[in-house]
Amino acid sequence: GVATQLVEDTPTSSPMYTQPPMSRQPRRSVLARTLTLKREVDSLLTEGTQFWRWEQGENHAPQKLMMFVDKDAFFLYAKSDDKSKPNLLWDLFLISDVRSGLPSTDMKLHENLRVMKSRDIKDYFLTVVYRRDGIVHVDYIGLMCEAPDVAARWKKAVNSLLLHNPQRNAGIDTFLSKRHTQILLSCNGYGQISVQSIHDAFLQHYHPESELSKVLSFYSILKTMDDGVPYVQVADFTVEMYTLILNQLTNIRNNVDSVLLNIGEKTVKKQQMTLHEFQAFISNDQRNPFLKDAVIRPISKEQAQAVIERHEKKPIEGVVTAKAIFNYLLSEECNVMNTELLEQTMDMTHPLSHYFINSSHNTYLLGYQYNSWSSVEMYRQCLLLGCRCIELDCWPEGEDIIITHGNALCSKIRFEDVVEAINEYAFVTSNYPVILSIENHCKTTFLLQKMARIFIETFGNKLLTAPLENMPLEAGQPLPSPEMLEKKILLKCKVKRQRCTGDNPIDSSRFSPDYESGIQDTSVNEDQDVTKYQGGEETVMELLATNTSTETDVKTTLDDELAQVSLQPSSTKEGGTSTSLIDLVNYCTGISFEGFESAERLNCSFYMSSFPDDKALSLLRASPVQLVKYNIRQLSRIYPQPARINSSNYIPQIFWNAGCQLAALNFQHSDVSACLNHTKFEYNGSTGYLLKPAIMLSDKDGGIFDPSSQAVLKNIAPINLKIKVISGLFLSLKQVSCYASVSLFGLPADTVVNKYFSERKEAPNPRWEHEPFIFKQIILPEMATVHFAVYDEEKELLGQRFIPLCAIMAGYRYVPLRNHHNEPLPLAALFVHIAVEDWIHSDLKDVADLLADPFAHGSCDMSDIEHTEEASFSPSSHQIFPDTLPIIEHVKNREKPLAVLCDDDLVMHDQSLQRVLKRASTERRKLTDRHHKALKSLNTKSKLECDIELESLHSAELCTFDKHVMQEELEKHLAALKEVHRKQKKQIIRQHKLWKSYRCKRYGHLK
């Protein structure tokens, strides 16, 4: 037939929509916790609300509409009074917020609207902000409601659906359901869906002879309007019909065959599994790879049967059909990520320096940093994305303060407007503290006091104007925690550390501009303080001068670093006291970085420094351990170097590896770095704060963490990751060939990019055949992120997805893809198989297998290896195991199963593996002594010559020993050795295996 009946019984509402919220208790099952997608939609939205609507740029002709939100909270849509027109749709994913107030500055429009209402209309207005192309290009949809209370309720109801939208990380079934909903809602007032809309939804070019048109015609649901336009009635486009079309266009059912083939060829022919096979499939292949069997036991048959019943209407006892497997793979239970980590689960009571903080650079810009527009809207958008550190470049303009990129062709925005926007949106997404990184170029006392006054009046109690009582600004005192600073705004500004002498403290209100823009400023402030800059790198020269002092220029040295820090209220020229900007700076006091030794001696956690990414990279390469230690105590901010005139970004992972908290990026530039950053901070409830791995927070148990290390870390189990990309869905509207790529971002030892690519296949629904991509020995999984990407033949990105390794789920999974703005694509997905295993050194793998299941390795058939006794014995074996090695070292450098090393009695009755190894060690020493005596009788060649000759005999089969070589030299000693073998047969075989594998590792490179 034209379409398969594989999923003809797929229910309209997937079980995942009705599952209740799960308990916060630790889970005791391998079954994944499903993402709770069902959200209550206010009846005001589902029943519809009447508005007058217009969009920015239109000719001010308001249109009367009824606005709705569908029951699954996928779309905001509007119905017109003209039934011949299709509905207008806006994806809730792309709506940043709904805000009150007038949407335009066109006063003529405002006057016309006032005439319509004949009263003050401010409370009647709502503005829907729609991200047309990322956060830079937004559209404003103006709405005017009939009553202010209805407008307020409507705004609150819609914003509640936008905040922390769980559908962003939903499984493929949610996105397929969403596309079906979109097709249904695109109808006109008569319930007619144009065939063109259906083609667009399935990424198909419309043609009367297209495959999609043939399917619609085959089922006799295709009709024609009076004007000849083909359409489908809403009532005819059911879920079953939608699924039939989906299967016909994509052959998505073939993915089930990939799963069945993994079980066995018989299951593929029968198109079904037994209940026992399905139980093993979920417990082994589909389990959370980071849950251990010792804590989480495999599912029972009853649980497996319950899974089947959720995905098949009429299950057959003891049998799992291909239809049930298909529905299971599409469901939320097979989400590619562990959605529990999306919730706020991290401890927020550590000092601020123990967290990675979502940070923005040049927040105000819409494009390039030397010739683009500045916008207040960018501050709103960044804060809505969960950004917790934003930048304000403050410049003087007469008696006013503006924000712009200095000495460039960028436009200007008012400082007051920016502060008001920050006040309104600072704590919409997250309640944890916001840091304002101020690049200050305003040097007069008047402007500094004006800035402080605006901050105080606008922020009010939100502004942290003084240190907390129990967290003073003292040496050795840690920073407060995010929990202690909830809903607080902190100012970060660069100040000068001054020496206090006697009763004349130096005025600490003098600023050293934060020259992150890289532009030199040779002006001198009214106090004649001078800071010299060369090439953007600071060489600090401080002029210490007071009314009673005539000191000359003093260069800061290590001896000066222990001078007392004076943070006194600034004094005006008239001698009075007034609040200045410096008085509001506390836990984020910016200073010039003068070396790790200086920072260590000062031991002031409230000091922080900013570094361009090129200078920070040099610092990281030169002193990685010191940088990690520095970041345990205090904050560091990394920003894109000034040479990035196109506002490109560095890879933040480089500096996260060293514990740098504030990796500030250009949010206006959508690239791999920005998507990596956005994905990382979606976790922990989008709070903007992520707790660093424990190994980065302490210098105990082996010293400071070294991010450049290639060695296995203490108390952290490395893992192996295997990923096989099987197929793709709806990857492109174009008929182009495409290929998939998988990369890994993490520590330098773990990072693998530009290595794994599939062969090219035809889009939009390709299938690939290739070996799994293998990422070996990932030493710090907590810091690693997997990147899936699909490119066309011209290397244009078709879709991508970042998933933290600690959140990835193993088994057969669909990976919904996102675009270059990190926004979900409608249908694009990859079908992959993921395997996550504990990495075990090849020498210890057999020991791990024995410890995991000793009875499975308890017996061995010695007959198949007896013939290797003579050939495997080597005259150089005495060098392999020095007596100084501890017992556990005796199991290293082995590649054969431990079954050949242990007999039944040892496995069944010994109390631990230690006793087995100790006994083997004793026998080894005896054999070694006898072997030494045999070697002394070799007169024709020296011991060293024998070793060299042995090394030359290592072949491509890794050190296979030819028993005929050196036959003459060993003939007189072979009989004695055979006698030893007969008496201690099992012990000799055990040692031969150890020696052989060791030679492979030690001398294999000489082959």
# chains A, B, ... in the order shown; residues from 1 in each chain; ligands from 1
>>> select_by_dssp(residues="stretch 216-392 of chain A", states="alpha helix (DSSP H)", output="ChimeraX atom specification")
/A:216-218,239-250,254-263,265-270,275-280,301-311,322-330,377-384
>>> select_by_dssp(residues="stretch 247-404 of chain A", states="strand (DSSP E or B)", output="count of residues only")
28
>>> closest_residue(among="A:Ser727, A:Thr321, A:Ser698, A:Thr458", to="A:Val628", atoms="only C-alpha atoms")
A:Ser698
>>> residues_around(residues="A:Arg132", least_positions_apart="6", cutoff="9 Å", atoms="only C-alpha atoms", output="list in words")
Leu94, Ile95, Val138 and Asp139 of chain A
>>> atom_distance(atom1="atom CA of A:Val256", atom2="atom CA of A:Gln272")
9.8 Å
>>> atom_distance(atom1="atom CA of A:Cys145", atom2="atom CA of A:Leu384")
24.9 Å
>>> residues_around(residues="A:Leu581", least_positions_apart="2", cutoff="6 Å", atoms="only C-alpha atoms", output="PyMOL selection string")
chain A and resi 448+452+583-584
>>> closest_residue(among="A:Val98, A:Leu729, A:Ala78, A:Met608", to="A:Ala152", atoms="only C-alpha atoms")
A:Val98
>>> residues_around(residues="stretch 585-593 of chain A", least_positions_apart="4", cutoff="10 Å", atoms="only C-alpha atoms", output="JSON, numbers by chain")
{"A": [352, 435, 436, 437, 438, 464, 465, 466, 467, 468, 471, 472, 473, 478, 479, 480, 490, 491, 492, 493, 494, 495, 496, 497, 511, 512, 514, 537, 538, 539, 540, 567, 580, 581, 598, 599, 604, 605, 606, 607, 608, 609, 610, 611, 634, 635, 636, 637]}
>>> residues_around(residues="A:Phe773", least_positions_apart="5", cutoff="8 Å", atoms="only C-alpha atoms", output="list in words")
Lys722, Ile723, Lys724, Val742 and Tyr756 of chain A
>>> residues_around(residues="stretch 341-348 of chain A", least_positions_apart="5", cutoff="9 Å", atoms="only C-alpha atoms", output="PyMOL selection string")
chain A and resi 166+169+355+481-484+682-687+689-691+807
>>> decode(residues="stretch 459-482 of chain A", atoms="N, CA, C and O atoms", output="tab-separated table (two decimals), in the first residue's frame")
chain	number	residue	atom	x	y	z
A	459	PHE	N	16.88	51.15	41.31
A	459	PHE	CA	16.93	49.79	41.85
A	459	PHE	C	16.34	49.70	43.25
A	459	PHE	O	15.79	48.66	43.64
A	460	GLY	N	16.47	50.74	44.03
A	460	GLY	CA	15.95	50.71	45.39
A	460	GLY	C	16.63	49.64	46.24
A	460	GLY	O	17.86	49.53	46.26
A	461	ASN	N	15.83	48.81	46.90
A	461	ASN	CA	16.37	47.76	47.77
A	461	ASN	C	17.05	46.63	47.01
A	461	ASN	O	17.73	45.79	47.62
A	462	LYS	N	16.86	46.56	45.71
A	462	LYS	CA	17.52	45.53	44.93
A	462	LYS	C	19.03	45.74	44.88
A	462	LYS	O	19.79	44.78	44.73
A	463	LEU	N	19.47	46.97	44.97
A	463	LEU	CA	20.90	47.28	44.86
A	463	LEU	C	21.62	46.98	46.17
A	463	LEU	O	21.20	47.44	47.24
A	464	LEU	N	22.69	46.23	46.08
A	464	LEU	CA	23.50	45.94	47.26
A	464	LEU	C	24.48	47.10	47.45
A	464	LEU	O	25.52	47.18	46.79
A	465	THR	N	24.13	47.98	48.36
A	465	THR	CA	24.93	49.20	48.55
A	465	THR	C	26.05	49.03	49.56
A	465	THR	O	26.94	49.86	49.63
A	466	ALA	N	26.01	47.96	50.35
A	466	ALA	CA	27.03	47.73	51.37
A	466	ALA	C	27.19	46.24	51.57
A	466	ALA	O	26.27	45.46	51.30
A	467	PRO	N	28.35	45.82	52.08
A	467	PRO	CA	28.55	44.38	52.34
A	467	PRO	C	27.56	43.86	53.38
A	467	PRO	O	27.07	44.60	54.23
A	468	LEU	N	27.26	42.58	53.29
A	468	LEU	CA	26.41	41.95	54.30
A	468	LEU	C	27.11	41.98	55.65
A	468	LEU	O	28.34	41.97	55.74
A	469	GLU	N	26.32	42.00	56.71
A	469	GLU	CA	26.89	42.15	58.05
A	469	GLU	C	27.85	41.02	58.40
A	469	GLU	O	28.90	41.24	59.00
A	470	ASN	N	27.50	39.82	58.02
A	470	ASN	CA	28.34	38.67	58.38
A	470	ASN	C	29.35	38.31	57.30
A	470	ASN	O	30.02	37.29	57.39
A	471	MET	N	29.44	39.13	56.24
A	471	MET	CA	30.39	38.88	55.15
A	471	MET	C	31.14	40.17	54.83
A	471	MET	O	30.97	40.79	53.79
A	472	PRO	N	32.01	40.62	55.73
A	472	PRO	CA	32.71	41.89	55.52
A	472	PRO	C	33.77	41.78	54.42
A	472	PRO	O	34.18	40.68	54.03
A	473	LEU	N	34.21	42.94	53.93
A	473	LEU	CA	35.28	42.99	52.93
A	473	LEU	C	36.62	42.91	53.64
A	473	LEU	O	37.30	43.92	53.87
A	474	GLU	N	37.01	41.71	53.98
A	474	GLU	CA	38.25	41.48	54.72
A	474	GLU	C	39.05	40.38	54.04
A	474	GLU	O	38.50	39.49	53.39
A	475	ALA	N	40.36	40.47	54.23
A	475	ALA	CA	41.24	39.43	53.69
A	475	ALA	C	40.90	38.09	54.33
A	475	ALA	O	40.66	38.00	55.53
A	476	GLY	N	40.88	37.04	53.50
A	476	GLY	CA	40.58	35.70	53.99
A	476	GLY	C	39.10	35.39	54.10
A	476	GLY	O	38.74	34.24	54.37
A	477	GLN	N	38.24	36.39	53.90
A	477	GLN	CA	36.80	36.18	53.99
A	477	GLN	C	36.27	35.75	52.63
A	477	GLN	O	36.52	36.40	51.62
A	478	PRO	N	35.53	34.63	52.52
A	478	PRO	CA	35.00	34.20	51.22
A	478	PRO	C	33.87	35.08	50.76
A	478	PRO	O	33.29	35.86	51.53
A	479	LEU	N	33.52	34.96	49.50
A	479	LEU	CA	32.40	35.69	48.94
A	479	LEU	C	31.08	35.11	49.44
A	479	LEU	O	30.99	33.93	49.78
A	480	PRO	N	30.04	35.91	49.51
A	480	PRO	CA	28.73	35.37	49.89
A	480	PRO	C	28.20	34.44	48.80
A	480	PRO	O	28.69	34.42	47.66
A	481	SER	N	27.18	33.69	49.12
A	481	SER	CA	26.61	32.72	48.18
A	481	SER	C	25.50	33.35	47.36
A	481	SER	O	24.94	34.39	47.74
A	482	PRO	N	25.14	32.74	46.24
A	482	PRO	CA	23.99	33.25	45.48
A	482	PRO	C	22.70	33.26	46.29
A	482	PRO	O	21.87	34.14	46.11
